[in-house]
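Structure first, then comments.
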Amino acid sequence: MLSIDLSGKRAFVAGVADDGGFGFAIAKALATAGASVCVGTWPPALGIFEALLRRGKLDASLAMPDGSKFEFEKIYPLDAEYDSLEDAPPEVREQKRYRDRGDFTIEGVARQLREDFGDSCLDIVVHSLANGPEVTRPLMQTSRGGYLAAHGASAYSFVSLAQRLEPLMRPRGALLALSYLASQGVVADYGGGMASAKAALETDARMLAFEMGRQAGHRVNVISAGPYASRAASAIGFIHKMIKYYEMNAPLADALQAEEVGNAAAFLCSPLASGITGTVLYVDKGFHAMAAPADVAHVVDRLSGD
Ligand code: NAD
C-alpha cells in the first residue's frame with residue numbers, strides 16, 4: 001500500500017496559536033503521518049494558546065485517528081518579524097508578553113532547536129503565518145511602513161527561516177509556505193501590500209528551491225489555499241463572503257476544510273513528493289482554474305440592477 005510515512009522525521013511549523021488555522025491542521029497531518037512536530041507561536045498569542053492546551057479546550061481537535069492525543073514535541077515563542085534580538089526594539093522586548101519568553105526571534109528558535117535536539121535534527125519546515133498591519137486598507141492608502149511590515153512578516157520571514165534553520169536540516173528536507181491567489185490576480189480588499197507579499201513569497205520559494213535543492217537536495221514548495229475562516233482570515237473581515245463566493249463558483253462546491261490543506265502539506269513534505277519542488281499547489285477546490293464567475297448572467301444582472 002502506498003502511504004505517507006514521516007516516521008523518524010521532525011517538523012517545525014511556524015504559525016500555530018490555536019486549532020482553527022492551516023498551521024494546526026498541517027502540524028496534525030504531519031504527526032498523523034508519524035513526524036514529531038514542534039511549533040513556533042507568536043508571543044502575543046502564546047499565553048492564550050498555552051492556557052487552552054492546559055485546560056483541555058483543544059483536546060477534541062488534538063484527538064488522533066488512532067485514538068491517541070497529538071502532543072507538540074515543543075512550543076517555541078516566535079516573532080518572525082525579527083531575525084535576532086538586536087532587531088527587536090526595546091518597547092517590544094519589554095512588553096509583558098515578550099519579556100519572559102527568552103529569545104523569540106528566528107535565530108533564537110534555531111538556537112533552541114539545536115540545544116534541544118542537536119545539530120542535525122530537522123527534516124521539515126513549514127511557514128504558516130502572515131501579518132499585514134494595513135491589510136484592510138486599499139493599496140492606494142497603504143503607508144510605506146505598513147507595506148514593508150507586511151513583506152517583512154509575511155515573505156522575508158520565510159527566507160529568514162530557511163537561512164537559519166537550514167544548518168539544522170538533514171539532507172533531502174522539505175520546506176513549505178502558505179500563499180493565496182491574490183498573489184496572481186486582484187482580490188479586492190486584500191490590501192496593505194499583502195498581495196505583493198504573497199507574490200514575493202511564491203517567487204522566493206522558487207529561488208530557495210533552486211538554491212537549497214542544489215545545496216542539499218531540499219525541496220521548497222508553496223500551497224496556495226482557498227479561503228478558510230481561521231482567526232487571521234476572520235480578522236481581515238470579508239472571509240465569509242469569500243467562502244460563499246467559492247462555494248458558488250469553484251469546480252468543487254463544498255467549502256475548503258483545513259484538513260485538506262494539512263493532507264496536501266503532508267504529501268508535499270513526504271518522500272512521495274521527491275520529484276516536486278519550486279511549485280505552487282492550489283488547494284482551493286479548483287477555484288484558480290476559473291476565469292469568470294460560474295453564473296455570469298446572474299452577476300451581470302445584479303450589477304446592472306436588472
Ligand atoms: P492562522 O491564524 O491560523 O495563522 C496565522 C498565524 O500567524 C497565527 O498563529 C498568528 O499568531 C501568526 N503570526 C502573525 N504574525 C506573526 C509573527 N510576526 N510571527 C509569528 N507568527 C505570527 O490563520 P491561517 O489563515 O491558517 O494562516 C496561515 C497561512 O495561510 C498564512 O500565511 C495565510 O496568509 C495563509 N492563507 C490563509 C487563507 C485563509 O483564507 N485562511 C487562504 C490562503 C492562505
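In the C-alpha cells, chains take letters A, B, ... by order of appearance, with residues numbered from 1 within each chain and ligands from 1 in the order shown.
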Identify all residues of stretch 11-257 of chain A in helix (DSSP H, G or I) (DSSP on the backbone) and supply them as a ChimeraX atom specification. /A:22-32,43-54,59-62,85-87,90-93,96-99,106-117,139-141,144-168,181-183,194-216,231-236,239-249
If we count only C-alpha atoms and set the cut-off at 7 Å, which residues sit around stretch 260-262 of chain A, ignoring sequence neighbours fewer than 2 positions away in its own chain? Please answer as a list in words. Phe22, Ala25, Ile26, Ala29, Gln257, Ala258, Ala264, Ala265, Ala266 and Val283 of chain A
Leaving out stretch 46-58 of chain A and any residue of its chain fewer than 5 positions from it, which residues lie within 12 Å of it when counting only C-alpha atoms, given as a PyMOL selection string? chain A and resi 15-20+24+39-41+63+69-72+74-79+96-98+100-101+104
Would you write out those residues with N, CA, C and O atoms, as a tab-separated table (two decimals), in the first residue's frame?
```tsv
chain	number	residue	atom	x	y	z
A	15	GLY	N	3.67	29.33	13.12
A	15	GLY	CA	2.37	29.95	12.93
A	15	GLY	C	1.22	29.10	13.43
A	15	GLY	O	0.21	28.93	12.74
A	16	VAL	N	1.36	28.57	14.65
A	16	VAL	CA	0.26	27.80	15.26
A	16	VAL	C	-0.04	28.44	16.62
A	16	VAL	O	0.85	28.53	17.47
A	17	ALA	N	-1.27	28.92	16.79
A	17	ALA	CA	-1.62	29.53	18.07
A	17	ALA	C	-3.01	29.10	18.54
A	17	ALA	O	-3.51	29.58	19.55
A	18	ASP	N	-3.64	28.23	17.76
A	18	ASP	CA	-4.94	27.68	18.14
A	18	ASP	C	-5.19	26.49	17.22
A	18	ASP	O	-4.30	26.07	16.48
A	19	ASP	N	-6.41	25.94	17.29
A	19	ASP	CA	-6.69	24.77	16.46
A	19	ASP	C	-7.54	25.15	15.24
A	19	ASP	O	-8.13	24.29	14.60
A	20	GLY	N	-7.56	26.46	14.92
A	20	GLY	CA	-8.51	26.91	13.90
A	20	GLY	C	-7.90	27.33	12.58
A	20	GLY	O	-8.58	27.93	11.75
A	24	PHE	N	-2.19	24.53	12.34
A	24	PHE	CA	-2.58	23.42	13.22
A	24	PHE	C	-2.91	22.18	12.40
A	24	PHE	O	-2.47	21.07	12.72
A	39	VAL	N	6.33	23.50	17.24
A	39	VAL	CA	5.69	24.65	16.60
A	39	VAL	C	6.27	25.95	17.13
A	39	VAL	O	6.85	25.99	18.23
A	40	GLY	N	6.11	27.01	16.34
A	40	GLY	CA	6.50	28.35	16.75
A	40	GLY	C	5.25	29.20	16.86
A	40	GLY	O	4.43	29.21	15.94
A	41	THR	N	5.10	29.87	18.00
A	41	THR	CA	3.87	30.64	18.26
A	41	THR	C	4.21	32.10	18.56
A	41	THR	O	5.14	32.39	19.32
A	63	ALA	N	-7.30	15.01	19.11
A	63	ALA	CA	-7.52	13.56	19.03
A	63	ALA	C	-7.03	13.03	17.69
A	63	ALA	O	-7.41	13.54	16.63
A	69	LYS	N	-3.59	11.06	21.71
A	69	LYS	CA	-3.66	12.52	21.71
A	69	LYS	C	-2.40	13.09	21.07
A	69	LYS	O	-1.29	12.69	21.41
A	70	PHE	N	-2.58	14.02	20.16
A	70	PHE	CA	-1.46	14.68	19.50
A	70	PHE	C	-0.79	15.61	20.51
A	70	PHE	O	-1.43	16.48	21.09
A	71	GLU	N	0.49	15.39	20.73
A	71	GLU	CA	1.26	16.26	21.63
A	71	GLU	C	2.33	16.97	20.81
A	71	GLU	O	3.11	16.32	20.13
A	72	PHE	N	2.38	18.30	20.92
A	72	PHE	CA	3.50	19.01	20.30
A	72	PHE	C	4.77	18.62	21.04
A	72	PHE	O	4.78	18.61	22.28
A	74	LYS	N	7.45	20.37	21.22
A	74	LYS	CA	7.85	21.59	21.93
A	74	LYS	C	7.18	22.79	21.28
A	74	LYS	O	6.98	22.80	20.06
A	75	ILE	N	6.84	23.77	22.09
A	75	ILE	CA	6.27	25.02	21.56
A	75	ILE	C	7.27	26.14	21.85
A	75	ILE	O	7.63	26.38	23.01
A	76	TYR	N	7.73	26.80	20.79
A	76	TYR	CA	8.70	27.89	20.95
A	76	TYR	C	8.02	29.22	20.71
A	76	TYR	O	7.23	29.35	19.76
A	77	PRO	N	8.37	30.23	21.51
A	77	PRO	CA	7.90	31.58	21.17
A	77	PRO	C	8.60	32.04	19.91
A	77	PRO	O	9.81	31.84	19.78
A	78	LEU	N	7.85	32.61	18.97
A	78	LEU	CA	8.46	33.05	17.71
A	78	LEU	C	7.76	34.30	17.20
A	78	LEU	O	6.57	34.27	16.90
A	79	ASP	N	8.51	35.37	17.10
A	79	ASP	CA	8.02	36.52	16.33
A	79	ASP	C	8.87	36.60	15.08
A	79	ASP	O	10.05	36.99	15.13
A	96	LYS	N	4.89	42.86	28.20
A	96	LYS	CA	4.73	41.74	29.14
A	96	LYS	C	4.64	40.38	28.44
A	96	LYS	O	5.07	39.37	28.98
A	97	ARG	N	4.13	40.36	27.22
A	97	ARG	CA	4.01	39.07	26.53
A	97	ARG	C	5.33	38.60	25.92
A	97	ARG	O	5.42	37.49	25.40
A	98	TYR	N	6.34	39.45	25.93
A	98	TYR	CA	7.63	39.10	25.33
A	98	TYR	C	8.74	38.92	26.37
A	98	TYR	O	9.64	38.11	26.18
A	100	ASP	N	9.44	37.68	29.29
A	100	ASP	CA	9.88	36.46	29.98
A	100	ASP	C	9.98	35.27	29.04
A	100	ASP	O	10.03	34.12	29.48
A	101	ARG	N	9.99	35.54	27.74
A	101	ARG	CA	9.96	34.44	26.77
A	101	ARG	C	11.31	34.08	26.20
A	101	ARG	O	11.41	33.28	25.28
A	104	PHE	N	12.86	35.16	21.30
A	104	PHE	CA	11.68	34.81	20.50
A	104	PHE	C	11.91	35.04	19.01
A	104	PHE	O	10.97	35.01	18.22
```
Listing only residues of chain A within 6 Å of ligand 1, what is the closest atom pair and its distance in Å (to one decimal) for each, using only C-alpha atoms and all ligand atoms, sorted by chain and residue number ascending, as a Markdown table?
```
| residue | atom | partner | partner_atom_place_in_ligand_line | distance |
| --- | --- | --- | --- | --- |
| A:Gly15 | CA | ligand 1 | 6 (C) | 4.1 |
| A:Val16 | CA | ligand 1 | 9 (O) | 4.3 |
| A:Ala17 | CA | ligand 1 | 9 (O) | 4.2 |
| A:Gly20 | CA | ligand 1 | 3 (O) | 5.7 |
| A:Gly21 | CA | ligand 1 | 3 (O) | 3.2 |
| A:Phe22 | CA | ligand 1 | 26 (O) | 3.7 |
| A:Gly23 | CA | ligand 1 | 26 (O) | 5.6 |
| A:Thr41 | CA | ligand 1 | 21 (N) | 5.7 |
| A:Trp42 | CA | ligand 1 | 21 (N) | 4.2 |
| A:Ala45 | CA | ligand 1 | 11 (O) | 5.7 |
| A:Leu78 | CA | ligand 1 | 20 (C) | 5.2 |
| A:Asp79 | CA | ligand 1 | 19 (N) | 3.5 |
| A:Ala80 | CA | ligand 1 | 19 (N) | 3.8 |
| A:Glu81 | CA | ligand 1 | 18 (N) | 4.7 |
| A:Ser128 | CA | ligand 1 | 29 (C) | 4.1 |
| A:Leu129 | CA | ligand 1 | 7 (O) | 3.5 |
| A:Ala130 | CA | ligand 1 | 32 (O) | 4.4 |
| A:Asn131 | CA | ligand 1 | 15 (N) | 4.7 |
| A:Ala153 | CA | ligand 1 | 18 (N) | 5.2 |
| A:Leu178 | CA | ligand 1 | 32 (O) | 4.6 |
| A:Ser179 | CA | ligand 1 | 44 (C) | 4.5 |
| A:Tyr180 | CA | ligand 1 | 43 (C) | 4.1 |
| A:Ser224 | CA | ligand 1 | 43 (C) | 5.8 |
| A:Ala225 | CA | ligand 1 | 43 (C) | 4.1 |
| A:Gly226 | CA | ligand 1 | 42 (C) | 5.0 |
| A:Pro227 | CA | ligand 1 | 40 (O) | 3.3 |
| A:Tyr228 | CA | ligand 1 | 40 (O) | 3.9 |
| A:Ala229 | CA | ligand 1 | 41 (N) | 5.5 |
| A:Ser230 | CA | ligand 1 | 25 (O) | 4.7 |
| A:Arg231 | CA | ligand 1 | 2 (O) | 4.3 |
| A:Ala232 | CA | ligand 1 | 2 (O) | 3.8 |
| A:Ala233 | CA | ligand 1 | 41 (N) | 4.7 |
```
Name all residues at most 8 Å from A:Ala209 (count only C-alpha atoms; drop same-chain ones fewer than 5 positions away) and give them as a VMD selection string. chain A and resid 218 to 221 277 to 278
Of the candidates A:Gly185, A:Thr279, A:Ser234, A:Ala250, which one gets nearest to A:Leu208 if we count only C-alpha atoms? A:Thr279
